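> Sharing entry_2.cif below, mmCIF, C-alpha atoms:
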```cif
data_upload
loop_
_atom_site.label_atom_id
_atom_site.label_comp_id
_atom_site.auth_asym_id
_atom_site.auth_seq_id
_atom_site.Cartn_x
_atom_site.Cartn_y
_atom_site.Cartn_z
CA VAL V 1 197.12 -42.95 -43.58
CA SER V 2 200.26 -42.65 -45.67
CA GLN V 3 201.82 -39.31 -46.64
CA SER V 4 201.23 -40.07 -50.34
CA ARG V 5 197.53 -40.62 -49.66
CA TYR V 6 197.31 -37.19 -47.98
CA TYR V 7 199.20 -35.75 -50.92
CA LEU V 8 196.70 -37.25 -53.38
CA MET V 9 193.69 -36.14 -51.30
CA ASN V 10 195.01 -32.57 -51.36
CA GLY V 11 195.48 -32.11 -55.09
CA GLY V 12 198.80 -33.88 -55.67
CA LYS V 13 197.56 -36.34 -58.29
CA TRP V 14 199.02 -34.22 -61.10
CA PHE V 15 202.57 -34.95 -59.84
CA TYR V 16 202.18 -38.68 -60.52
CA THR V 17 201.23 -38.00 -64.16
CA LEU V 18 204.63 -36.43 -64.87
CA LYS V 19 207.46 -38.14 -66.71
CA ASP V 20 210.53 -38.85 -64.56
CA GLU V 21 212.50 -35.82 -65.80
CA GLU V 22 209.46 -33.54 -65.32
CA ALA V 23 208.93 -34.88 -61.80
CA LYS V 24 212.58 -34.25 -60.93
CA GLU V 25 212.36 -30.70 -62.31
CA ALA V 26 209.15 -30.01 -60.34
CA TYR V 27 210.76 -31.41 -57.19
CA ASP V 28 213.92 -29.33 -57.70
CA ILE V 29 211.86 -26.16 -58.23
CA ALA V 30 209.79 -26.82 -55.11
CA ARG V 31 212.92 -27.49 -53.01
CA SER V 32 214.47 -24.21 -54.24
CA LEU V 33 211.55 -22.09 -52.96
CA PRO V 34 211.94 -20.31 -49.62
CA PHE V 35 210.20 -21.59 -46.50
CA ILE V 36 209.58 -18.03 -45.33
CA ILE V 37 209.41 -14.64 -47.03
CA GLU V 38 209.71 -11.21 -45.48
CA VAL V 39 208.41 -8.07 -47.21
CA GLY V 40 208.83 -4.99 -45.05
CA ASP V 41 206.94 -5.65 -41.81
CA ILE V 42 205.05 -8.65 -43.25
CA GLY V 43 206.11 -12.28 -42.97
CA ILE V 44 204.81 -15.15 -45.08
CA VAL V 45 205.09 -18.70 -43.77
CA HIS V 46 203.70 -21.92 -45.19
CA ALA V 47 202.08 -23.24 -41.97
CA GLN V 48 202.97 -21.14 -38.92
CA PRO V 49 205.84 -19.12 -37.46
CA LEU V 50 207.65 -19.61 -34.18
CA ASN V 51 207.05 -17.13 -31.32
CA SER V 52 209.71 -14.78 -32.68
CA TRP V 53 210.27 -13.77 -36.30
CA GLU V 54 214.00 -13.46 -35.65
CA ASP V 55 214.02 -17.02 -34.28
CA THR V 56 211.93 -18.25 -37.22
CA VAL V 57 214.43 -16.78 -39.70
CA TYR V 58 217.47 -17.98 -37.73
CA ARG V 59 216.23 -21.56 -37.37
CA ILE V 60 215.38 -21.87 -41.06
CA GLU V 61 218.72 -20.39 -42.13
CA ALA V 62 220.55 -22.67 -39.65
CA ASP V 63 218.60 -25.67 -41.01
CA VAL V 64 217.27 -26.68 -37.59
CA PRO V 65 215.05 -29.75 -38.31
CA TYR V 66 212.32 -28.96 -35.78
CA ALA V 67 211.86 -25.46 -37.18
CA GLU V 68 211.18 -26.78 -40.68
CA GLU V 69 208.59 -29.22 -39.32
CA HIS V 70 206.87 -26.44 -37.37
CA ILE V 71 206.94 -23.93 -40.24
CA ILE V 72 205.88 -26.40 -42.94
CA TRP V 73 203.55 -28.74 -41.04
CA GLY V 74 202.56 -27.01 -37.78
CA ARG V 75 198.91 -26.60 -36.86
CA ASP V 76 198.95 -25.92 -33.12
CA VAL V 77 198.47 -22.14 -33.54
CA ILE V 78 195.44 -22.45 -35.83
CA ARG V 79 193.90 -25.20 -33.69
CA SER V 80 194.11 -23.02 -30.59
CA SER V 81 191.52 -20.34 -29.98
CA LEU V 82 194.10 -18.24 -28.14
CA PRO V 83 195.79 -15.20 -29.66
CA PHE V 84 199.34 -15.84 -30.81
CA THR V 85 202.02 -13.25 -31.32
CA CYS V 86 205.07 -13.63 -33.47
CA ASP V 87 207.34 -10.96 -31.99
CA GLY V 88 209.54 -8.82 -34.20
CA ILE V 89 207.24 -8.42 -37.20
CA GLY V 90 203.98 -6.62 -37.87
CA LYS V 91 201.89 -9.42 -39.41
CA VAL V 92 202.47 -12.99 -40.54
CA PHE V 93 200.33 -14.66 -43.20
CA CYS V 94 200.04 -18.45 -43.26
CA GLY V 95 198.49 -21.16 -45.38
CA HIS V 96 198.63 -24.95 -45.06
CA THR V 97 195.46 -25.41 -43.00
CA VAL V 98 192.29 -24.80 -44.98
CA VAL V 99 189.78 -22.48 -43.31
CA ARG V 100 186.38 -21.33 -44.63
CA GLU V 101 187.23 -17.68 -43.88
CA PRO V 102 190.54 -16.04 -42.91
CA VAL V 103 191.35 -16.56 -39.21
CA ASP V 104 193.25 -14.16 -36.94
CA ARG V 105 195.44 -15.36 -34.09
CA GLY V 106 196.99 -12.13 -32.82
CA ASN V 107 199.32 -10.83 -35.53
CA VAL V 108 199.22 -14.20 -37.33
CA LYS V 109 196.60 -14.56 -40.09
CA PHE V 110 195.60 -17.88 -41.64
CA ILE V 111 194.36 -17.26 -45.18
CA ASP V 112 194.26 -20.65 -46.98
CA THR V 113 190.57 -20.67 -47.90
CA GLY V 114 190.95 -23.84 -49.95
CA ALA V 115 190.75 -22.65 -53.54
CA VAL V 116 191.37 -26.24 -54.66
CA PHE V 117 188.35 -27.42 -52.64
CA TYR V 118 185.94 -24.49 -52.46
CA GLY V 119 186.93 -22.30 -55.41
CA LYS V 120 187.67 -19.38 -53.07
CA MET V 121 191.13 -17.78 -53.28
CA THR V 122 192.47 -15.53 -50.54
CA ILE V 123 195.67 -13.51 -50.85
CA CYS V 124 197.18 -10.50 -49.18
CA ASP V 125 198.66 -7.46 -50.87
CA SER V 126 201.97 -5.84 -49.94
CA SER V 127 200.27 -3.65 -47.32
CA GLY V 128 198.89 -6.72 -45.54
CA ARG V 129 195.31 -6.18 -46.73
CA ILE V 130 193.46 -9.48 -47.20
CA LEU V 131 191.64 -10.02 -50.50
CA THR V 132 189.20 -12.90 -50.94
CA GLY V 133 187.31 -13.75 -54.10
CA GLU V 134 185.56 -16.53 -55.94
#
```
What does this structure look like when you write it as structure tokens?


Amino acid sequence: VSQSRYYLMNGGKWFYTLKDEEAKEAYDIARSLPFIIEVGDIGIVHAQPLNSWEDTVYRIEADVPYAEEHIIWGRDVIRSSLPFTCDGIGKVFCGHTVVREPVDRGNVKFIDTGAVFYGKMTICDSSGRILTGE
């Protein structure tokens, strides 16, 4: 299955309705967003962190290709039933892989409850408390 087909299946149809200049602006905005965010002792990562928060930050800042793939596309942590610890940070919140309910893997929490599919949005506040609502 092509990447564009996955993109369409996951809510990306709107992008193809844009005019060329709007599409370029949307692309430029998306590319300017950070891959990871750190707020106090909380990390936010699109898909999953590496084993160490320091290493996660370093590899993104150093533009190491594998790190970007892991952080943006990785699913091995969520697919495992084993606890996972990202050393050097209190908690890490991740999205990318849709789950019916938030899933804990050690100090890594997967909170993408598929609002686009199920109408259920999950977020975390600045203290790390998970909030889920319809």

> What is the distance between CA of Val99 (chain V) and CA of Ile130 (chain V), in Å to one decimal?

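Atom-to-atom, CA of Val99 (chain V) to CA of Ile130 (chain V), that is 14.1 Å.
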
> For Asn10 (chain V), which residue out of V:Ala26, V:Ala115, V:Ile36, V:Ala47 is the nearest one, using all atoms listed in the file?

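Under the stated criterion, the closest residue is V:Ala115.
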
> Running the PyMOL selection byres ((chain V and resi 109) around 10) on this model by hand, what would come out? Give it as number ranges by chain.

V: 44, 48, 78, 84, 91-95, 102-108, 110-112, 124, 128, 130

> Care to translate the PyMOL selection byres ((chain V and resi 41) around 12) into actual residues of this file, as a list in words?

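When the PyMOL selection byres ((chain V and resi 41) around 12) is applied to the shown file, the picked residues are Ile37, Glu38, Val39, Gly40, Ile42, Gly43, Ile44, Trp53, Cys86, Asp87, Gly88, Ile89, Gly90, Lys91, Val92, Phe93, Asn107, Ser126, Ser127 and Gly128 of chain V.
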
> Which residue gives the smallest distance to Arg59 (chain V) among V:Thr85, V:Arg5, V:Gly11, V:Phe35, with all atoms listed in the file counted?

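Once distances to Arg59 (chain V) are computed over all atoms listed in the file, the minimum belongs to V:Phe35.
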
> CA of Thr122 (chain V) to CA of Glu101 (chain V): how many Å, to one decimal?

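Straight-line distance from CA of Thr122 (chain V) to CA of Glu101 (chain V) works out to 8.7 Å.
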
> What gap, in Å, lies between CA of Ser52 (chain V) and CA of Ala67 (chain V)?

11.8 Å

> Can you work out which one of V:Ser32, V:Ser81, V:Thr17, V:Thr132 has the shortest atom-to-atom distance to Gly119 (chain V), counting all atoms listed in the file?

V:Thr132

> With only C-alpha atoms counted, which protein, DNA or RNA residues have an atom no more than 7 Å from (204.1, -24.6, -40.6) in the file frame? Please answer as a list in words.

Val45, His46, Ala47, Gln48, Pro49, Glu69, His70, Ile71, Ile72, Trp73, Gly74 and Arg75 of chain V

> Please produce region 99-122 of chain V, completed to N, CA, C and O atoms, as a PDB file, keeping the file's coordinate frame.


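Done, and the output landed in part-v4.pdb:
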```pdb
ATOM      1  N   VAL V  99     190.816 -23.092 -44.142  1.00  0.00           N
ATOM      2  CA  VAL V  99     189.780 -22.480 -43.310  1.00  0.00           C
ATOM      3  C   VAL V  99     188.709 -21.913 -44.245  1.00  0.00           C
ATOM      4  O   VAL V  99     188.995 -21.558 -45.378  1.00  0.00           O
ATOM      5  N   ARG V 100     187.472 -21.880 -43.791  1.00  0.00           N
ATOM      6  CA  ARG V 100     186.380 -21.330 -44.630  1.00  0.00           C
ATOM      7  C   ARG V 100     186.547 -19.844 -44.871  1.00  0.00           C
ATOM      8  O   ARG V 100     186.247 -19.343 -45.934  1.00  0.00           O
ATOM      9  N   GLU V 101     186.982 -19.128 -43.836  1.00  0.00           N
ATOM     10  CA  GLU V 101     187.230 -17.680 -43.880  1.00  0.00           C
ATOM     11  C   GLU V 101     188.575 -17.428 -43.219  1.00  0.00           C
ATOM     12  O   GLU V 101     188.987 -18.198 -42.361  1.00  0.00           O
ATOM     13  N   PRO V 102     189.281 -16.339 -43.578  1.00  0.00           N
ATOM     14  CA  PRO V 102     190.540 -16.040 -42.910  1.00  0.00           C
ATOM     15  C   PRO V 102     190.369 -15.983 -41.382  1.00  0.00           C
ATOM     16  O   PRO V 102     189.342 -15.542 -40.878  1.00  0.00           O
ATOM     17  N   VAL V 103     191.385 -16.472 -40.669  1.00  0.00           N
ATOM     18  CA  VAL V 103     191.350 -16.560 -39.210  1.00  0.00           C
ATOM     19  C   VAL V 103     192.517 -15.765 -38.636  1.00  0.00           C
ATOM     20  O   VAL V 103     193.651 -15.917 -39.083  1.00  0.00           O
ATOM     21  N   ASP V 104     192.220 -14.935 -37.631  1.00  0.00           N
ATOM     22  CA  ASP V 104     193.250 -14.160 -36.940  1.00  0.00           C
ATOM     23  C   ASP V 104     193.622 -14.838 -35.637  1.00  0.00           C
ATOM     24  O   ASP V 104     192.752 -15.245 -34.880  1.00  0.00           O
ATOM     25  N   ARG V 105     194.917 -14.937 -35.388  1.00  0.00           N
ATOM     26  CA  ARG V 105     195.440 -15.360 -34.090  1.00  0.00           C
ATOM     27  C   ARG V 105     196.494 -14.331 -33.712  1.00  0.00           C
ATOM     28  O   ARG V 105     197.672 -14.505 -33.999  1.00  0.00           O
ATOM     29  N   GLY V 106     196.055 -13.223 -33.131  1.00  0.00           N
ATOM     30  CA  GLY V 106     196.990 -12.130 -32.820  1.00  0.00           C
ATOM     31  C   GLY V 106     197.472 -11.510 -34.122  1.00  0.00           C
ATOM     32  O   GLY V 106     196.675 -11.151 -34.973  1.00  0.00           O
ATOM     33  N   ASN V 107     198.793 -11.408 -34.285  1.00  0.00           N
ATOM     34  CA  ASN V 107     199.320 -10.830 -35.530  1.00  0.00           C
ATOM     35  C   ASN V 107     199.574 -11.902 -36.598  1.00  0.00           C
ATOM     36  O   ASN V 107     200.191 -11.626 -37.616  1.00  0.00           O
ATOM     37  N   VAL V 108     199.082 -13.099 -36.368  1.00  0.00           N
ATOM     38  CA  VAL V 108     199.220 -14.200 -37.330  1.00  0.00           C
ATOM     39  C   VAL V 108     197.863 -14.438 -37.988  1.00  0.00           C
ATOM     40  O   VAL V 108     196.859 -14.607 -37.301  1.00  0.00           O
ATOM     41  N   LYS V 109     197.848 -14.423 -39.325  1.00  0.00           N
ATOM     42  CA  LYS V 109     196.600 -14.560 -40.090  1.00  0.00           C
ATOM     43  C   LYS V 109     196.682 -15.822 -40.957  1.00  0.00           C
ATOM     44  O   LYS V 109     197.626 -15.995 -41.724  1.00  0.00           O
ATOM     45  N   PHE V 110     195.677 -16.657 -40.845  1.00  0.00           N
ATOM     46  CA  PHE V 110     195.600 -17.880 -41.640  1.00  0.00           C
ATOM     47  C   PHE V 110     194.644 -17.611 -42.805  1.00  0.00           C
ATOM     48  O   PHE V 110     193.469 -17.316 -42.588  1.00  0.00           O
ATOM     49  N   ILE V 111     195.158 -17.702 -44.031  1.00  0.00           N
ATOM     50  CA  ILE V 111     194.360 -17.260 -45.180  1.00  0.00           C
ATOM     51  C   ILE V 111     194.168 -18.334 -46.258  1.00  0.00           C
ATOM     52  O   ILE V 111     193.711 -18.018 -47.355  1.00  0.00           O
ATOM     53  N   ASP V 112     194.464 -19.588 -45.978  1.00  0.00           N
ATOM     54  CA  ASP V 112     194.260 -20.650 -46.980  1.00  0.00           C
ATOM     55  C   ASP V 112     192.779 -21.030 -46.969  1.00  0.00           C
ATOM     56  O   ASP V 112     192.340 -21.864 -46.191  1.00  0.00           O
ATOM     57  N   THR V 113     192.008 -20.407 -47.845  1.00  0.00           N
ATOM     58  CA  THR V 113     190.570 -20.670 -47.900  1.00  0.00           C
ATOM     59  C   THR V 113     190.232 -21.773 -48.901  1.00  0.00           C
ATOM     60  O   THR V 113     189.092 -21.879 -49.348  1.00  0.00           O
ATOM     61  N   GLY V 114     191.202 -22.609 -49.211  1.00  0.00           N
ATOM     62  CA  GLY V 114     190.950 -23.840 -49.950  1.00  0.00           C
ATOM     63  C   GLY V 114     190.464 -23.665 -51.379  1.00  0.00           C
ATOM     64  O   GLY V 114     189.471 -24.272 -51.764  1.00  0.00           O
ATOM     65  N   ALA V 115     191.163 -22.861 -52.152  1.00  0.00           N
ATOM     66  CA  ALA V 115     190.750 -22.650 -53.540  1.00  0.00           C
ATOM     67  C   ALA V 115     190.587 -23.974 -54.286  1.00  0.00           C
ATOM     68  O   ALA V 115     189.666 -24.140 -55.080  1.00  0.00           O
ATOM     69  N   VAL V 116     191.445 -24.940 -53.987  1.00  0.00           N
ATOM     70  CA  VAL V 116     191.370 -26.240 -54.660  1.00  0.00           C
ATOM     71  C   VAL V 116     190.098 -26.997 -54.284  1.00  0.00           C
ATOM     72  O   VAL V 116     189.587 -27.779 -55.068  1.00  0.00           O
ATOM     73  N   PHE V 117     189.548 -26.722 -53.098  1.00  0.00           N
ATOM     74  CA  PHE V 117     188.350 -27.420 -52.640  1.00  0.00           C
ATOM     75  C   PHE V 117     187.076 -26.610 -52.834  1.00  0.00           C
ATOM     76  O   PHE V 117     186.047 -27.133 -53.222  1.00  0.00           O
ATOM     77  N   TYR V 118     187.139 -25.314 -52.502  1.00  0.00           N
ATOM     78  CA  TYR V 118     185.940 -24.490 -52.460  1.00  0.00           C
ATOM     79  C   TYR V 118     185.872 -23.435 -53.560  1.00  0.00           C
ATOM     80  O   TYR V 118     184.895 -22.710 -53.647  1.00  0.00           O
ATOM     81  N   GLY V 119     186.929 -23.300 -54.358  1.00  0.00           N
ATOM     82  CA  GLY V 119     186.930 -22.300 -55.410  1.00  0.00           C
ATOM     83  C   GLY V 119     187.058 -20.876 -54.899  1.00  0.00           C
ATOM     84  O   GLY V 119     186.720 -19.931 -55.590  1.00  0.00           O
ATOM     85  N   LYS V 120     187.546 -20.699 -53.685  1.00  0.00           N
ATOM     86  CA  LYS V 120     187.670 -19.380 -53.070  1.00  0.00           C
ATOM     87  C   LYS V 120     189.140 -19.106 -52.764  1.00  0.00           C
ATOM     88  O   LYS V 120     189.742 -19.785 -51.936  1.00  0.00           O
ATOM     89  N   MET V 121     189.716 -18.122 -53.444  1.00  0.00           N
ATOM     90  CA  MET V 121     191.130 -17.780 -53.280  1.00  0.00           C
ATOM     91  C   MET V 121     191.263 -16.577 -52.365  1.00  0.00           C
ATOM     92  O   MET V 121     190.531 -15.604 -52.515  1.00  0.00           O
ATOM     93  N   THR V 122     192.167 -16.652 -51.414  1.00  0.00           N
ATOM     94  CA  THR V 122     192.470 -15.530 -50.540  1.00  0.00           C
ATOM     95  C   THR V 122     193.953 -15.238 -50.627  1.00  0.00           C
ATOM     96  O   THR V 122     194.776 -16.148 -50.557  1.00  0.00           O
TER      97      THR V 122
END
```
